[in-house]
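Worksheet for the structure shown next.
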Amino acid sequence: MFAGPAQPRAAYRRIYERLSQLGAPELARRHQVAMGMLRNHGITFAVYPDEQGIEKVFPFDVIPRVISARAWRRLEAGLRQRVQTLNHFLEDIYGRKRILRQRAIPPEVVLSSPQYMREMDGFPVPQGIHCHIAGIDLVRDQRGDFLVLEDNLRTPSGVSYVLANRQVMKRVLPDLFAGYPVRPVEGYTHLLLRNLRWLAAREAAEPTVVLLTPGIHNSAYYEHLYLARQMGIELVEGTDLLVDRDQVFMRTTRGLRRVHVIYRRVDDEWLDPVFGRPDSIVGVPGLVAAYRAGGVVLANGIGNGVADDKAVYSLIPTLIKYYLGEDPILPNVPTYLCALDDQRRHVLAHLEQMVVKTVDGSGGYGMLIGPESSRRQQEAFRRQIEAHPRAFIAQPVVSLSVQPVLDGSRLRPCHQDLRPFVLSGPDVDVIPGGLTRVALKAGSLVVNSSQGGGSRDTWVLGALGSGDSEVA
Amino acid sequence: MLERSYHLARILEVHVALSLDRRDEPGAGFWNALLELAGWPPPGSVDRREQATELVVAGSAGPSVRRSVAAARTAAQAVRPSLPSELYEAVNALHWRLQEDGWDSDLHGYLMDVQMTVHLVDALLEDAMSHDEARDFVRLGKFLERADNVVALVVRKSVELAEAPEDALEWTAVLKCCFSFESYRARYSAPVTPEQVVGFLLLDPDLPRSARFAVNAAQESVRRIDERAGSRPRRLLAGLHNLFENADAAQVARRPREFEVDFRALRQPLEEALAATYFRPSRVASAVPAGEGGGRVPQQQQ
């Protein structure tokens, strides 16, 4: 945001001037109004280990993040390239396995992934799309370059906060908004509904689409409810559905109704007690068999986890080259696979400088942030890595870009990341914006809401403006 | 007038949000269209803030939100003995809140206050007030005003958006202006289309925000107020009822102006008939049949 002390970059100049005019007390008041709106709307999330209660308002910062039109064009192209590649990859490894047979990547990295679902082998998914909704986490390094931190291809959440943050900003600071050509994000649910209906267009002229939620205790329940309502589709739990002769039906007061497409927000292992965990009470018995028989479409597909496995992540530049014949537009954060002997040795020798993650972890849990860790924590991770090398990857600490957040009446720099959402249907669409998550704890690099993170609105500018030549 | 203040608050809130979603600063056309929706002449200014000031407080060309609430309060004062105390107090308290300075520092909060208070008044009307003639008169005014507002909004938006019929965000905004987006979604799990929106907002018999529902509700109230089947208000309301009953959504979507002309042809005489039949004391008295009091006003008890 700043090029130097009290020197805002061009893209932020008007924001800085307007916020300065408002002054700290008025800004603090508007922040309170924003938080009140989020609370009243019920825009909360659940934190399971919190003994104080499980419902919290997602912290919100009123200073928006601005991305210039030029920077966004590059990001959009890179995200589209990445998601297209990941769809090709999933289609290949659950189909002909060309990339594995040709050993373009080490097959064991894929085949040893706990998220690789052999049950999906040879199953042609509708329209060849496995990943209909993707959330790609990006960070910006000190030079201003965007890097991909991780891919979320299973049940990515957070888009409701993107839409809610925009609504709040338009209401709390409309004058600030009016000074910028900000691209709207409200088209997201229209696009998603169009894509979901398109998946069953051959089956029915008016297909029935539902959103399957684990229920009210899920941390993203608000989002499930919000999306279902905005799209006009039924929000269902596992007990609302049943499978009969490989077709899925919804129980209604007027009898059973055929379901054609399920936007599922239940993880693979819980989706069907016959297929995954037998103790699942949020799934639907027989659902996976119906899916395999072509009786219903699932979005996202089953088995996508192999493509967002953090070990496979390190291979994505190779995949882009292999499937598209292109160089990656968005680079990865350098990543070491602990499964490979030489890379593991390097990681273990530099644990105090590394961020170590489990390959299928999420939510900021199960991580070691080397520079912030104790000797004891490092030793615990060392033992785990040696025992289960395939389960870990490591990355050097990226010096993330910072942007000020409003902390009472003063500004304080905080690290942030960005999760744009990509929808795959007849076209691949990137929503202009995304969820900017902010590490609100002083000095923290963890942006997850469950660990003290918050969010802010993300403004993608729609026209070449004064900020276009600068890093925004 | 409360219904009018609600309508103004709603369309202003939706359109301010819409203006902020544009990449360019909306020009005169955008604000002209908004003012037209409010039933006002084109503005002299194209500035968002000035337009908001006009519609919220100033009202130099028509009744603003603040002035509409003030008028509703005056009307409530006139019939205060017939209203539950809580209902009058809700309107009165809103009036005083809206008179305070600082509306522009939280326009959304200001407009939401109007909307939520009107919902509260509606709830008090239904749940705390005797379902008698006084309630029916309040409902009659409310629903006729609603029918007017919805017809005007849908017709003008249909004409305005004729060039861009696929603009889902604009049509979503039309639904939101009528507090009907979620109801629409509960009905249609499909892309937002002009024909469905027009059909839903004008012709749906079950949506409380639709023009048809409003006309039917007004008709029911007049039936309860006036038992004479041949009275002019009842005949004109029956005509309006038939207009909505027989309308075809596709045709209305294609020729919205024609529908509006037909609507106005009945609505204008209805307004006059209601005034002449129920609000001019001499006519009311002469309308009471002989043998039922003969129009004599009973003596007040001392």
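Chains: A, B, ... in order of the structure tokens. Residues: from 1 per chain. Ligands: from 1, in order shown.
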For this session: Compile the contact shell of stretch 129-132 of chain A as a PyMOL selection string: residues with an atom at most 10 Å away, counting only C-alpha atoms, same-chain residues fewer than 5 positions apart removed.
Result: chain A and resi 83-84+86-91+124+152-155+192+195-196+199+263+298-304+307+422-426+428
Problem set entry | Contact residues around A:Glu386 with only C-alpha atoms at 12 Å, ignoring same-chain residues under 5 positions, as a PyMOL selection string | chain A and resi 338-341+344-345+347-348+379-381+391-392
Keeping N, CA and C atoms, export the residues of the selection given above as a PDB file, in the first residue's frame.
```pdb
ATOM      1  N   CYS A 338       9.487 -34.291   1.181  1.00  0.00           N
ATOM      2  CA  CYS A 338      10.211 -35.100   2.164  1.00  0.00           C
ATOM      3  C   CYS A 338      10.268 -36.569   1.755  1.00  0.00           C
ATOM      4  N   ALA A 339       9.427 -36.970   0.808  1.00  0.00           N
ATOM      5  CA  ALA A 339       9.464 -38.352   0.323  1.00  0.00           C
ATOM      6  C   ALA A 339      10.756 -38.633  -0.449  1.00  0.00           C
ATOM      7  N   LEU A 340      11.372 -37.603  -0.994  1.00  0.00           N
ATOM      8  CA  LEU A 340      12.616 -37.792  -1.764  1.00  0.00           C
ATOM      9  C   LEU A 340      13.814 -37.588  -0.843  1.00  0.00           C
ATOM     10  N   ASP A 341      14.719 -38.547  -0.861  1.00  0.00           N
ATOM     11  CA  ASP A 341      15.789 -38.597   0.146  1.00  0.00           C
ATOM     12  C   ASP A 341      16.610 -37.308   0.217  1.00  0.00           C
ATOM     13  N   ARG A 344      14.592 -34.430   1.586  1.00  0.00           N
ATOM     14  CA  ARG A 344      14.297 -34.600   3.011  1.00  0.00           C
ATOM     15  C   ARG A 344      15.513 -34.218   3.850  1.00  0.00           C
ATOM     16  N   ARG A 345      16.686 -34.666   3.394  1.00  0.00           N
ATOM     17  CA  ARG A 345      17.915 -34.341   4.146  1.00  0.00           C
ATOM     18  C   ARG A 345      18.079 -32.820   4.252  1.00  0.00           C
ATOM     19  N   VAL A 347      15.719 -30.569   4.155  1.00  0.00           N
ATOM     20  CA  VAL A 347      14.686 -30.034   5.066  1.00  0.00           C
ATOM     21  C   VAL A 347      15.103 -30.248   6.518  1.00  0.00           C
ATOM     22  N   LEU A 348      15.536 -31.455   6.816  1.00  0.00           N
ATOM     23  CA  LEU A 348      15.883 -31.758   8.212  1.00  0.00           C
ATOM     24  C   LEU A 348      17.087 -30.944   8.687  1.00  0.00           C
ATOM     25  N   GLU A 379      11.966 -30.808  17.016  1.00  0.00           N
ATOM     26  CA  GLU A 379      12.336 -32.214  17.200  1.00  0.00           C
ATOM     27  C   GLU A 379      11.127 -33.129  16.985  1.00  0.00           C
ATOM     28  N   ALA A 380       9.986 -32.661  17.450  1.00  0.00           N
ATOM     29  CA  ALA A 380       8.762 -33.465  17.263  1.00  0.00           C
ATOM     30  C   ALA A 380       8.485 -33.642  15.765  1.00  0.00           C
ATOM     31  N   PHE A 381       8.634 -32.572  15.001  1.00  0.00           N
ATOM     32  CA  PHE A 381       8.407 -32.666  13.563  1.00  0.00           C
ATOM     33  C   PHE A 381       9.470 -33.536  12.903  1.00  0.00           C
ATOM     34  N   ALA A 391       4.246 -37.896   4.064  1.00  0.00           N
ATOM     35  CA  ALA A 391       3.172 -37.070   4.619  1.00  0.00           C
ATOM     36  C   ALA A 391       3.557 -35.601   4.749  1.00  0.00           C
ATOM     37  N   PHE A 392       4.811 -35.248   4.400  1.00  0.00           N
ATOM     38  CA  PHE A 392       5.241 -33.861   4.647  1.00  0.00           C
ATOM     39  C   PHE A 392       5.910 -33.234   3.425  1.00  0.00           C
TER      40      PHE A 392
END
```
Would you give me, as CSV, each residue of chain A having an atom within 6 Å of an atom of chain B, along with its shortest atom pair and that distance in Å to one decimal, using only C-alpha atoms and sorting by chain and residue number?
```
residue,atom,partner,partner_atom,distance
A:Arg171,CA,B:His108,CA,5.6
A:Ala178,CA,B:Leu20,CA,5.7
A:Pro181,CA,B:Arg23,CA,4.1
A:Val182,CA,B:Arg23,CA,5.9
A:Pro184,CA,B:Asp21,CA,5.2
A:Gly232,CA,B:Arg185,CA,3.9
A:Ile233,CA,B:Ser189,CA,5.7
```
Same residues, C-alpha atoms, saved as a PDB file, in the first residue's frame:
```
ATOM      1  CA  ARG A 171     -22.560   0.263   2.749  1.00  0.00           C
ATOM      2  CA  ALA A 178     -17.230   5.494  -5.805  1.00  0.00           C
ATOM      3  CA  PRO A 181     -13.674   1.427 -11.052  1.00  0.00           C
ATOM      4  CA  VAL A 182     -14.049  -1.718  -8.964  1.00  0.00           C
ATOM      5  CA  PRO A 184     -18.317  -6.398  -9.341  1.00  0.00           C
ATOM      6  CA  GLY A 232     -32.505 -20.830  -5.434  1.00  0.00           C
ATOM      7  CA  ILE A 233     -31.491 -24.430  -4.868  1.00  0.00           C
TER       8      ILE A 233
END
```
For this session: Compare A:Gly95, A:Gly453, A:Gly255, A:Gly135 by their minimum atom-to-atom distance to A:Gly158, counting only C-alpha atoms, and give me the closest one.
Result: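 Using only C-alpha atoms, A:Gly158 sits closest to A:Gly135.
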Problem set entry | Polymer residues at most 9 Å from B:Val118, only C-alpha atoms, same-chain spacing of 5 or more positions, as a list in words |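 Residues meeting the cut-off are Leu2, Glu3, Ser5, Tyr6, Ala90, Val91, Asp113 and Ala123 of chain B.
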Could you write those residues out with N, CA and C atoms, as an mmCIF file, in the first residue's frame?
```
data_model
loop_
_atom_site.group_PDB
_atom_site.id
_atom_site.type_symbol
_atom_site.label_atom_id
_atom_site.label_comp_id
_atom_site.auth_asym_id
_atom_site.auth_seq_id
_atom_site.Cartn_x
_atom_site.Cartn_y
_atom_site.Cartn_z
ATOM 1 N N LEU B 2 -46.349 5.385 4.363
ATOM 2 C CA LEU B 2 -45.267 4.523 4.871
ATOM 3 C C LEU B 2 -44.791 3.574 3.775
ATOM 4 N N GLU B 3 -45.754 3.065 3.014
ATOM 5 C CA GLU B 3 -45.393 2.167 1.919
ATOM 6 C C GLU B 3 -44.498 2.904 0.915
ATOM 7 N N SER B 5 -42.484 5.459 1.604
ATOM 8 C CA SER B 5 -41.149 5.665 2.184
ATOM 9 C C SER B 5 -40.346 4.359 2.100
ATOM 10 N N TYR B 6 -41.026 3.256 2.304
ATOM 11 C CA TYR B 6 -40.359 1.952 2.206
ATOM 12 C C TYR B 6 -39.840 1.744 0.781
ATOM 13 N N ALA B 90 -44.223 3.633 17.032
ATOM 14 C CA ALA B 90 -43.174 3.184 16.095
ATOM 15 C C ALA B 90 -43.010 4.200 14.960
ATOM 16 N N VAL B 91 -44.134 4.689 14.438
ATOM 17 C CA VAL B 91 -44.074 5.673 13.350
ATOM 18 C C VAL B 91 -43.514 6.995 13.874
ATOM 19 N N ASP B 113 -33.350 1.374 8.772
ATOM 20 C CA ASP B 113 -34.224 1.758 9.876
ATOM 21 C C ASP B 113 -35.645 1.981 9.350
ATOM 22 N N ALA B 123 -46.444 -5.702 11.097
ATOM 23 C CA ALA B 123 -46.682 -6.787 12.051
ATOM 24 C C ALA B 123 -47.681 -6.347 13.117
#
```
Exercise. Nearest to B:Ala218 among B:Gly141, B:Asn242, B:Val150, B:Phe259, with distances taken over only C-alpha atoms: which residue is it?
Worked result: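 Closest to B:Ala218 of all the choices is B:Gly141.
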For this session: If you run DSSP over the backbone, which residues in stretch 249-453 of chain A end up helix (DSSP H, G or I)? Put them as JSON, numbers by chain.
Result: {"A": [268, 269, 270, 287, 288, 289, 290, 291, 292, 304, 305, 306, 310, 311, 312, 313, 316, 317, 318, 319, 320, 321, 322, 323, 324, 341, 342, 343, 344, 345, 346, 347, 348, 349, 351, 352, 353, 370, 371, 372, 375, 376, 377, 378, 379, 380, 381, 382, 383, 384, 385, 386, 387, 389, 390, 391, 449, 450, 451]}
Problem set entry | For A:Leu315: contacts at 12 Å, only C-alpha atoms, fewer than 6 positions along chain excluded, given as an MDAnalysis selection string | chainID A and resid 82 85:86 89 99 104:107 109:110 150 306:309 321:322 328 331:337
Problem set entry | Every residue of stretch 229-433 of chain A that DSSP places in strand (DSSP E or B), as number ranges by chain | A: 234-236, 241-244, 247-252, 255-259, 261-264, 297-299, 332, 336-337, 354-358, 368-369, 392-396, 402-407, 410-419, 421-424, 428-430
